[in-house]
Amino acid sequence: GRRYRPVVPKEGYFFVQGSVGPSDGESMNRFRFAEGDLKADWRNPNDIQVHAFHAWSTSRLPIRSIDVGTRVVTLAGSTWHVQHAALKEGSWYRVENVAEALDEPGEWYLDRAAGRLAYLSLPGESPETARVVAPRLERLVRLAGDVAKGTFVEHLQFRGLAFAHSAWRIGKRGYTAFQAEVVLDGAITAENARHCAFEDCIVRHTGAYAIDLGAGCRDILVERCELVDLGAGGVKIGTGQFDRFDDPKKLAERCTVRDCLVAHGGRIHPGGVGLWIGHAGHNTLEHNEVCDLYYSAVSVGWRWSPGASPATHNTIAWNRLHHLGHGAMSDLAGIYTLGESPGTVEHHNLIHDVTRARYGGWGIYFDESSADIVVENNLVHRTEDAPFHLHHGRRLTVRNNIFAFGRNDQIKLSNMQKSGTLRVEGNLWYWKEGELFNGGPDEEIAFARNLYWKAGSGAFAFAGGADAETWKAREKDFLIADPLFADPEKGDFTLRPGSPAEKIGFKPFDLSSAGRLAKTNQTAALPIVRGPFPPAPPEPPIVFDQDFELLEVGQGLPGFDQQAASREENAVVTDECAAGGRKCLKFRDGPGGAVYFPHLYRYLKHETGKVMSGFDLRVEARSKMAFEWRDANRVHSRKMDISYEAWGQISLGSS
């Protein structure tokens, strides 16, 4: 089985104690650590890596220097984004490849300077009999067609073969990727390949993805394969250039992944996806089992903004997707979509046991600009957050599904101002705890003929706290009744005779054949692959103490998201004036735009306890400043707000 390098802390993670301005023209490459967490006298410090967890991504960055006096660590490279991948108070990280931490059986350390490899053997292992493999090749097989030259690799079949032990090497500046570890290759990579097949193969012990079907790949079949112990994810189809798909020759099409096992992924790169479709259309993912990943099982589409996307007519059907997230990553789902996808259908999928770190352990997740997708005849249950989430989209249909046992909520609706038509009809919603709705639907979201039942008390509220009588104005022919599932606690959602689901026109579906069709599991005898990343620690009480002195002039506030209506509006550090010291944070308004621009916000996700705030404030002529605390789950619900007018008036409100 896979062996890991020594890490500190041995259990859990460290917390970033404070944001620090970048160095040497970098972006986000420094932070303040807690006393005693990092040591300046560690051996070979430039071989040590800080592995920082963000939300849906991580960054692994070598250490450049450690200053124990100021408790500031400087890294050799930057994270991919100053906001979404900020090194801010409360962010968690661990430190990998620390020689002094080599003290547990199964760990190894390579001292490059001394040319010495040390390994602490597990019980029963000995140097005389142990088989040790140190991967050298990052790609084991490459089908090297060339899109630009118009050359193809065609009509190859790989059958009954095992591919194992691919490497991954980190660069001098480290590694960071914004989503899905999309920049990584596969142990098997293909470009401009056509009419090729991988059947009854095994790909295991990889450094990155197992199979990467890249630019120009068409009519590729991956069937009855087992992809296990993966550095990142299972199969990638298409390219992942951000919002770029101007050359149709680079698009992947008509690839099929059928009857495959994708398991034990993210062992190096926890953001890896089980089955990923980027700029690619007319693909089929069916009868697969995807499990034991830290991030999403299936991801389809790669465009965040409205407009045409090549990820059309994709079919995701009859898959079993389960045990995802493991509490280490956020913003993930069983099936995740991006962008407009006409003709795309998600049907007869079984999704269960999805957990997350700070937020976003969903079942089916329509993210940015998802459109023209039909979701029907799926069963989603035991998710930490809502089994169904819409984060703005349009022309979407969700019908005849069973959504059950969302721990915190069942229906999550966010960023509604960007959304268009969504039809939610004929579904069964069944839960025991949490709310039915998180976020309220706008007028273009149509609910029809849904059945709702909260087991136990049976009492619940609809969106906005509406009771059943009030909700009738939004949804006609809905039903509040026990659907009479056979044994939902054990995952049996068969309807018993006399179920009221028939009254809303619900059509029962059988998912007994969801997942793999193959009766054999060639990799079952392999040792259990231990996942290296524990769940995220509970968020500590955060002391945000910022005097801006270590930040650069013109820099935004690390750890805060900034929203503005134009380039003229911003909130950046300045040395024009200060309450104390040399610097302060200056908000600059611009012409037009809403009165609340520009603004900064940050999610703290505190559920209990006391909050204390204090700051020095200068309000100039014709200005108005507002400071608010809001409910993180319902961002338009203010808990406390204070506004300051230039002429000295102060207003206080709360809810």
# chains A, B, ... in the order shown; residues from 1 in each chain; ligands from 1

$ closest_atom_pairs --of "region 375-420 of chain A" --to "region 470-489 of chain A" --cutoff "12 Å" --atoms "only C-alpha atoms" --output "Markdown table"
| residue | atom | partner | partner_atom | distance |
| --- | --- | --- | --- | --- |
| A:Leu379 | CA | A:Pro488 | CA | 11.3 |
| A:Val380 | CA | A:Pro488 | CA | 11.5 |
| A:His381 | CA | A:Pro488 | CA | 9.2 |
| A:Arg382 | CA | A:Glu489 | CA | 9.5 |
| A:Ile402 | CA | A:Pro483 | CA | 10.4 |
| A:Phe403 | CA | A:Pro488 | CA | 11.2 |
| A:Ala404 | CA | A:Pro488 | CA | 8.5 |
| A:Phe405 | CA | A:Glu489 | CA | 9.0 |

$ residues_around --residues "Lys236 (chain A)" --least-positions-apart "4" --cutoff "12 Å" --atoms "only C-alpha atoms" --output "count of residues only"
45

$ closest_residue --among "A:Ala466, A:Ile351, A:Ile48, A:Ile364" --to "Val8 (chain A)" --atoms "only C-alpha atoms"
A:Ile48

$ select_by_dssp --residues "region 174-371 of chain A" --states "strand (DSSP E)" --output "PyMOL selection string"
chain A and resi 175-176+186-191+193-194+197-199+202-204+209-213+221-223+226-228+235-237+252-253+256-258+261-263+275-277+280-281+284-286+289-293+298-300+315-317+320-324+332-337+340-347+350-354+361-366+370-371

$ write_last_selection --atoms "C-alpha atoms" --output "PDB file, in the first residue's frame"
ATOM      1  CA  TYR A 175       1.716  23.529  -6.637  1.00  0.00           C
ATOM      2  CA  THR A 176      -1.689  25.188  -6.503  1.00  0.00           C
ATOM      3  CA  GLY A 186      -3.087  11.030 -15.955  1.00  0.00           C
ATOM      4  CA  ALA A 187      -0.952   7.935 -15.656  1.00  0.00           C
ATOM      5  CA  ILE A 188      -2.551   7.221 -19.030  1.00  0.00           C
ATOM      6  CA  THR A 189      -2.880  10.333 -21.196  1.00  0.00           C
ATOM      7  CA  ALA A 190      -4.324  10.745 -24.659  1.00  0.00           C
ATOM      8  CA  GLU A 191      -4.433  13.647 -27.081  1.00  0.00           C
ATOM      9  CA  ALA A 193      -6.944   9.844 -29.993  1.00  0.00           C
ATOM     10  CA  ARG A 194      -9.954   8.255 -31.683  1.00  0.00           C
ATOM     11  CA  ALA A 197     -10.628   1.355 -25.814  1.00  0.00           C
ATOM     12  CA  PHE A 198      -9.458   0.429 -22.321  1.00  0.00           C
ATOM     13  CA  GLU A 199     -11.303  -2.692 -21.184  1.00  0.00           C
ATOM     14  CA  ILE A 202      -6.488  -1.747 -13.628  1.00  0.00           C
ATOM     15  CA  VAL A 203      -4.857   1.612 -12.910  1.00  0.00           C
ATOM     16  CA  ARG A 204      -3.566   1.950  -9.359  1.00  0.00           C
ATOM     17  CA  TYR A 209      -5.234  11.201 -12.286  1.00  0.00           C
ATOM     18  CA  ALA A 210      -5.595   7.678 -13.624  1.00  0.00           C
ATOM     19  CA  ILE A 211      -6.752   8.463 -17.196  1.00  0.00           C
ATOM     20  CA  ASP A 212      -6.707  11.823 -18.986  1.00  0.00           C
ATOM     21  CA  LEU A 213      -8.578  11.977 -22.307  1.00  0.00           C
ATOM     22  CA  LEU A 221     -14.287   3.684 -24.336  1.00  0.00           C
ATOM     23  CA  VAL A 222     -13.220   2.986 -20.742  1.00  0.00           C
ATOM     24  CA  GLU A 223     -15.153  -0.075 -19.598  1.00  0.00           C
ATOM     25  CA  GLU A 226     -10.762  -0.406 -11.759  1.00  0.00           C
ATOM     26  CA  LEU A 227      -9.013   2.821 -10.833  1.00  0.00           C
ATOM     27  CA  VAL A 228      -7.877   2.741  -7.206  1.00  0.00           C
ATOM     28  CA  VAL A 235     -10.954   9.971 -15.473  1.00  0.00           C
ATOM     29  CA  LYS A 236     -10.763  13.407 -17.094  1.00  0.00           C
ATOM     30  CA  ILE A 237     -12.519  14.045 -20.408  1.00  0.00           C
ATOM     31  CA  ALA A 252     -13.407  15.887 -26.785  1.00  0.00           C
ATOM     32  CA  GLU A 253     -16.595  14.079 -27.802  1.00  0.00           C
ATOM     33  CA  THR A 256     -17.819   6.618 -22.505  1.00  0.00           C
ATOM     34  CA  VAL A 257     -16.856   5.511 -19.005  1.00  0.00           C
ATOM     35  CA  ARG A 258     -18.955   2.466 -18.155  1.00  0.00           C
ATOM     36  CA  LEU A 261     -14.716   1.453 -10.103  1.00  0.00           C
ATOM     37  CA  VAL A 262     -13.096   4.717  -9.032  1.00  0.00           C
ATOM     38  CA  ALA A 263     -12.058   4.481  -5.391  1.00  0.00           C
ATOM     39  CA  LEU A 275     -15.142  11.489 -13.216  1.00  0.00           C
ATOM     40  CA  TRP A 276     -14.575  14.939 -14.742  1.00  0.00           C
ATOM     41  CA  ILE A 277     -15.958  16.352 -18.012  1.00  0.00           C
ATOM     42  CA  ALA A 280     -16.492  18.056 -23.992  1.00  0.00           C
ATOM     43  CA  GLY A 281     -19.910  16.946 -25.231  1.00  0.00           C
ATOM     44  CA  THR A 284     -21.666   9.014 -21.219  1.00  0.00           C
ATOM     45  CA  LEU A 285     -20.864   8.124 -17.602  1.00  0.00           C
ATOM     46  CA  GLU A 286     -22.946   5.112 -16.636  1.00  0.00           C
ATOM     47  CA  GLU A 289     -19.126   3.234  -8.644  1.00  0.00           C
ATOM     48  CA  VAL A 290     -17.216   6.258  -7.342  1.00  0.00           C
ATOM     49  CA  CYS A 291     -16.351   6.338  -3.657  1.00  0.00           C
ATOM     50  CA  ASP A 292     -13.884   7.415  -0.994  1.00  0.00           C
ATOM     51  CA  LEU A 293     -12.846  10.776  -2.414  1.00  0.00           C
ATOM     52  CA  VAL A 298     -18.752  13.690 -10.916  1.00  0.00           C
ATOM     53  CA  SER A 299     -18.149  17.160 -12.378  1.00  0.00           C
ATOM     54  CA  VAL A 300     -19.587  18.270 -15.734  1.00  0.00           C
ATOM     55  CA  THR A 315     -25.444  11.587 -19.826  1.00  0.00           C
ATOM     56  CA  ILE A 316     -24.761  10.707 -16.186  1.00  0.00           C
ATOM     57  CA  ALA A 317     -26.808   7.627 -15.366  1.00  0.00           C
ATOM     58  CA  ARG A 320     -23.452   4.884  -7.362  1.00  0.00           C
ATOM     59  CA  LEU A 321     -21.612   7.814  -5.821  1.00  0.00           C
ATOM     60  CA  HIS A 322     -20.911   7.636  -2.116  1.00  0.00           C
ATOM     61  CA  HIS A 323     -18.693   8.460   0.856  1.00  0.00           C
ATOM     62  CA  LEU A 324     -17.385  11.755  -0.420  1.00  0.00           C
ATOM     63  CA  LEU A 332     -18.561  19.578  -3.248  1.00  0.00           C
ATOM     64  CA  ALA A 333     -21.286  17.218  -4.375  1.00  0.00           C
ATOM     65  CA  GLY A 334     -22.120  13.830  -5.755  1.00  0.00           C
ATOM     66  CA  ILE A 335     -22.817  15.465  -9.132  1.00  0.00           C
ATOM     67  CA  TYR A 336     -21.558  19.006  -9.785  1.00  0.00           C
ATOM     68  CA  THR A 337     -22.273  21.060 -12.914  1.00  0.00           C
ATOM     69  CA  GLU A 340     -24.926  25.738 -20.076  1.00  0.00           C
ATOM     70  CA  SER A 341     -25.386  22.078 -20.999  1.00  0.00           C
ATOM     71  CA  PRO A 342     -28.268  21.563 -23.452  1.00  0.00           C
ATOM     72  CA  GLY A 343     -29.254  17.922 -23.691  1.00  0.00           C
ATOM     73  CA  THR A 344     -27.466  16.901 -20.497  1.00  0.00           C
ATOM     74  CA  VAL A 345     -29.384  14.444 -18.307  1.00  0.00           C
ATOM     75  CA  GLU A 346     -28.705  13.076 -14.817  1.00  0.00           C
ATOM     76  CA  HIS A 347     -30.890  10.064 -14.163  1.00  0.00           C
ATOM     77  CA  LEU A 350     -27.685   6.762  -6.256  1.00  0.00           C
ATOM     78  CA  ILE A 351     -25.851   9.349  -4.143  1.00  0.00           C
ATOM     79  CA  HIS A 352     -25.271   9.028  -0.406  1.00  0.00           C
ATOM     80  CA  ASP A 353     -22.970   9.879   2.493  1.00  0.00           C
ATOM     81  CA  VAL A 354     -21.528  13.257   1.569  1.00  0.00           C
ATOM     82  CA  GLY A 361     -21.678  18.847   1.298  1.00  0.00           C
ATOM     83  CA  TRP A 362     -24.459  18.556  -1.297  1.00  0.00           C
ATOM     84  CA  GLY A 363     -25.921  15.767  -3.390  1.00  0.00           C
ATOM     85  CA  ILE A 364     -26.780  17.402  -6.718  1.00  0.00           C
ATOM     86  CA  TYR A 365     -25.266  20.850  -7.202  1.00  0.00           C
ATOM     87  CA  PHE A 366     -26.034  23.306 -10.006  1.00  0.00           C
ATOM     88  CA  SER A 370     -25.752  25.742 -14.988  1.00  0.00           C
ATOM     89  CA  ALA A 371     -28.517  25.567 -17.575  1.00  0.00           C
TER      90      ALA A 371
END

$ residues_around --residues "region 83-87 of chain A" --least-positions-apart "4" --cutoff "8 Å" --atoms "only C-alpha atoms" --output "PDB file with C-alpha atoms, in the first residue's frame"
ATOM      1  CA  VAL A  16      -3.044  30.305  10.362  1.00  0.00           C
ATOM      2  CA  GLY A  18      -2.850  36.091  10.752  1.00  0.00           C
ATOM      3  CA  SER A  19      -2.599  37.415   7.199  1.00  0.00           C
ATOM      4  CA  MET A  28      -0.414  35.140  -1.300  1.00  0.00           C
ATOM      5  CA  ASN A  29       2.828  33.619  -0.047  1.00  0.00           C
ATOM      6  CA  ARG A  30       3.162  34.546   3.644  1.00  0.00           C
ATOM      7  CA  PHE A  31       1.250  34.136   6.877  1.00  0.00           C
ATOM      8  CA  ALA A  52      -2.799  24.679   3.023  1.00  0.00           C
ATOM      9  CA  HIS A  54      -8.828  26.494   1.269  1.00  0.00           C
ATOM     10  CA  ALA A  55     -12.423  25.572   0.393  1.00  0.00           C
ATOM     11  CA  SER A  57      -8.814  23.449  -3.339  1.00  0.00           C
ATOM     12  CA  THR A  58      -5.490  23.165  -1.553  1.00  0.00           C
ATOM     13  CA  THR A  79      -1.675  30.273  -3.745  1.00  0.00           C
ATOM     14  CA  SER A  91      -7.335  28.659   7.655  1.00  0.00           C
ATOM     15  CA  PRO A 558      -6.420  39.296   2.863  1.00  0.00           C
ATOM     16  CA  GLY A 559      -9.110  36.789   3.723  1.00  0.00           C
ATOM     17  CA  PHE A 560     -12.005  39.026   2.703  1.00  0.00           C
ATOM     18  CA  ASP A 561     -13.987  38.855  -0.521  1.00  0.00           C
TER      19      ASP A 561
END

$ closest_residue --among "A:Thr206, A:Thr494, A:Thr74, A:Thr355" --to "His264 (chain A)" --atoms "only C-alpha atoms"
A:Thr206

$ residues_around --residues "Ala461 (chain A)" --least-positions-apart "2" --cutoff "12 Å" --atoms "only C-alpha atoms" --output "MDAnalysis selection string"
chainID A and resid 409:410 434:438 440 452:454 458:459 463:471 480

$ write_last_selection --atoms "N, CA and C atoms" --output "CSV table (one decimal), in the first residue's frame"
chain,number,residue,atom,x,y,z
A,409,ASP,N,-30.2,21.1,5.9
A,409,ASP,CA,-31.4,21.5,5.1
A,409,ASP,C,-31.6,20.6,3.9
A,410,GLN,N,-32.7,20.8,3.2
A,410,GLN,CA,-33.0,19.9,2.1
A,410,GLN,C,-32.9,20.6,0.7
A,434,GLY,N,-33.0,19.6,10.7
A,434,GLY,CA,-32.7,20.7,9.8
A,434,GLY,C,-34.0,21.3,9.2
A,435,GLU,N,-33.7,22.3,8.4
A,435,GLU,CA,-34.8,23.0,7.7
A,435,GLU,C,-35.1,22.4,6.3
A,436,LEU,N,-36.3,22.7,5.8
A,436,LEU,CA,-36.6,22.3,4.4
A,436,LEU,C,-35.9,23.2,3.5
A,437,PHE,N,-36.0,24.5,3.6
A,437,PHE,CA,-35.4,25.5,2.7
A,437,PHE,C,-34.2,26.2,3.3
A,438,ASN,N,-33.2,26.4,2.6
A,438,ASN,CA,-32.1,27.4,2.9
A,438,ASN,C,-32.0,28.4,1.8
A,440,GLY,N,-34.5,31.6,-0.2
A,440,GLY,CA,-35.9,31.7,-0.8
A,440,GLY,C,-35.9,31.7,-2.3
A,452,TYR,N,-43.8,16.5,0.8
A,452,TYR,CA,-42.9,16.8,1.8
A,452,TYR,C,-43.3,16.1,3.1
A,453,TRP,N,-42.2,15.6,3.8
A,453,TRP,CA,-42.5,14.9,5.1
A,453,TRP,C,-41.3,15.0,6.0
A,454,LYS,N,-41.5,15.6,7.2
A,454,LYS,CA,-40.4,15.6,8.2
A,454,LYS,C,-40.7,14.5,9.2
A,458,GLY,N,-43.0,16.1,12.2
A,458,GLY,CA,-43.9,16.4,11.1
A,458,GLY,C,-44.1,17.9,10.9
A,459,ALA,N,-43.6,18.7,11.9
A,459,ALA,CA,-43.8,20.2,11.8
A,459,ALA,C,-42.6,20.8,11.1
A,463,ALA,N,-40.2,28.0,2.6
A,463,ALA,CA,-39.3,29.1,2.4
A,463,ALA,C,-39.8,30.4,3.1
A,464,GLY,N,-38.9,31.1,3.7
A,464,GLY,CA,-39.3,32.4,4.4
A,464,GLY,C,-40.1,32.2,5.6
A,465,GLY,N,-40.2,31.0,6.1
A,465,GLY,CA,-41.0,30.7,7.3
A,465,GLY,C,-42.5,30.5,7.0
A,466,ALA,N,-42.8,30.4,5.7
A,466,ALA,CA,-44.2,30.3,5.3
A,466,ALA,C,-44.8,28.9,5.8
A,467,ASP,N,-46.1,29.0,6.3
A,467,ASP,CA,-46.8,27.8,6.6
A,467,ASP,C,-47.4,27.2,5.4
A,468,ALA,N,-48.1,26.0,5.5
A,468,ALA,CA,-48.6,25.3,4.4
A,468,ALA,C,-49.7,26.1,3.7
A,469,GLU,N,-50.5,26.8,4.4
A,469,GLU,CA,-51.5,27.6,3.7
A,469,GLU,C,-50.9,28.7,2.9
A,470,THR,N,-49.9,29.4,3.4
A,470,THR,CA,-49.3,30.5,2.7
A,470,THR,C,-48.6,29.9,1.4
A,471,TRP,N,-48.0,28.8,1.6
A,471,TRP,CA,-47.2,28.2,0.5
A,471,TRP,C,-48.0,27.8,-0.7
A,480,ILE,N,-48.3,17.1,2.0
A,480,ILE,CA,-47.6,16.9,3.2
A,480,ILE,C,-48.1,15.5,3.8

$ decode --residues "region 299-320 of chain A" --atoms "N, CA and C atoms" --output "mmCIF file, in the first residue's frame"
data_model
loop_
_atom_site.group_PDB
_atom_site.id
_atom_site.type_symbol
_atom_site.label_atom_id
_atom_site.label_comp_id
_atom_site.auth_asym_id
_atom_site.auth_seq_id
_atom_site.Cartn_x
_atom_site.Cartn_y
_atom_site.Cartn_z
ATOM 1 N N SER A 299 -18.110 15.734 -12.069
ATOM 2 C CA SER A 299 -18.149 17.160 -12.378
ATOM 3 C C SER A 299 -18.309 17.304 -13.882
ATOM 4 N N VAL A 300 -19.289 18.119 -14.311
ATOM 5 C CA VAL A 300 -19.587 18.270 -15.734
ATOM 6 C C VAL A 300 -19.663 19.754 -16.081
ATOM 7 N N GLY A 301 -18.904 20.170 -17.088
ATOM 8 C CA GLY A 301 -18.915 21.561 -17.543
ATOM 9 C C GLY A 301 -17.775 22.357 -16.961
ATOM 10 N N TRP A 302 -17.387 23.438 -17.706
ATOM 11 C CA TRP A 302 -16.238 24.215 -17.250
ATOM 12 C C TRP A 302 -16.374 25.662 -17.698
ATOM 13 N N ARG A 303 -17.605 26.201 -17.563
ATOM 14 C CA ARG A 303 -17.801 27.611 -17.864
ATOM 15 C C ARG A 303 -18.629 28.239 -16.756
ATOM 16 N N TRP A 304 -18.102 29.317 -16.166
ATOM 17 C CA TRP A 304 -18.757 29.975 -15.040
ATOM 18 C C TRP A 304 -19.743 31.056 -15.487
ATOM 19 N N SER A 305 -19.542 31.628 -16.637
ATOM 20 C CA SER A 305 -20.376 32.741 -17.088
ATOM 21 C C SER A 305 -21.441 32.253 -18.064
ATOM 22 N N PRO A 306 -22.551 32.998 -18.203
ATOM 23 C CA PRO A 306 -23.581 32.613 -19.171
ATOM 24 C C PRO A 306 -23.029 32.613 -20.596
ATOM 25 N N GLY A 307 -23.597 31.764 -21.422
ATOM 26 C CA GLY A 307 -23.154 31.663 -22.802
ATOM 27 C C GLY A 307 -22.930 30.226 -23.204
ATOM 28 N N ALA A 308 -22.745 30.027 -24.493
ATOM 29 C CA ALA A 308 -22.607 28.675 -25.029
ATOM 30 C C ALA A 308 -21.402 27.960 -24.436
ATOM 31 N N SER A 309 -21.569 26.670 -24.216
ATOM 32 C CA SER A 309 -20.518 25.816 -23.691
ATOM 33 C C SER A 309 -20.498 24.528 -24.506
ATOM 34 N N PRO A 310 -19.336 23.935 -24.723
ATOM 35 C CA PRO A 310 -19.285 22.671 -25.461
ATOM 36 C C PRO A 310 -19.716 21.462 -24.643
ATOM 37 N N ALA A 311 -19.942 21.632 -23.349
ATOM 38 C CA ALA A 311 -20.312 20.495 -22.491
ATOM 39 C C ALA A 311 -21.804 20.194 -22.632
ATOM 40 N N THR A 312 -22.212 19.736 -23.801
ATOM 41 C CA THR A 312 -23.626 19.498 -24.085
ATOM 42 C C THR A 312 -23.894 18.008 -24.268
ATOM 43 N N HIS A 313 -25.150 17.630 -24.074
ATOM 44 C CA HIS A 313 -25.616 16.266 -24.354
ATOM 45 C C HIS A 313 -24.773 15.206 -23.642
ATOM 46 N N ASN A 314 -24.428 15.486 -22.399
ATOM 47 C CA ASN A 314 -23.743 14.491 -21.584
ATOM 48 C C ASN A 314 -24.765 13.729 -20.745
ATOM 49 N N THR A 315 -24.533 12.449 -20.585
ATOM 50 C CA THR A 315 -25.444 11.587 -19.826
ATOM 51 C C THR A 315 -24.717 11.026 -18.615
ATOM 52 N N ILE A 316 -25.293 11.250 -17.441
ATOM 53 C CA ILE A 316 -24.761 10.707 -16.186
ATOM 54 C C ILE A 316 -25.862 9.828 -15.604
ATOM 55 N N ALA A 317 -25.693 8.523 -15.669
ATOM 56 C CA ALA A 317 -26.808 7.627 -15.366
ATOM 57 C C ALA A 317 -26.344 6.343 -14.684
ATOM 58 N N TRP A 318 -27.175 5.855 -13.793
ATOM 59 C CA TRP A 318 -27.013 4.552 -13.161
ATOM 60 C C TRP A 318 -25.676 4.429 -12.410
ATOM 61 N N ASN A 319 -25.211 5.535 -11.839
ATOM 62 C CA ASN A 319 -23.974 5.507 -11.069
ATOM 63 C C ASN A 319 -24.274 5.449 -9.575
ATOM 64 N N ARG A 320 -23.391 4.850 -8.830
ATOM 65 C CA ARG A 320 -23.452 4.884 -7.362
ATOM 66 C C ARG A 320 -22.283 5.724 -6.871
#
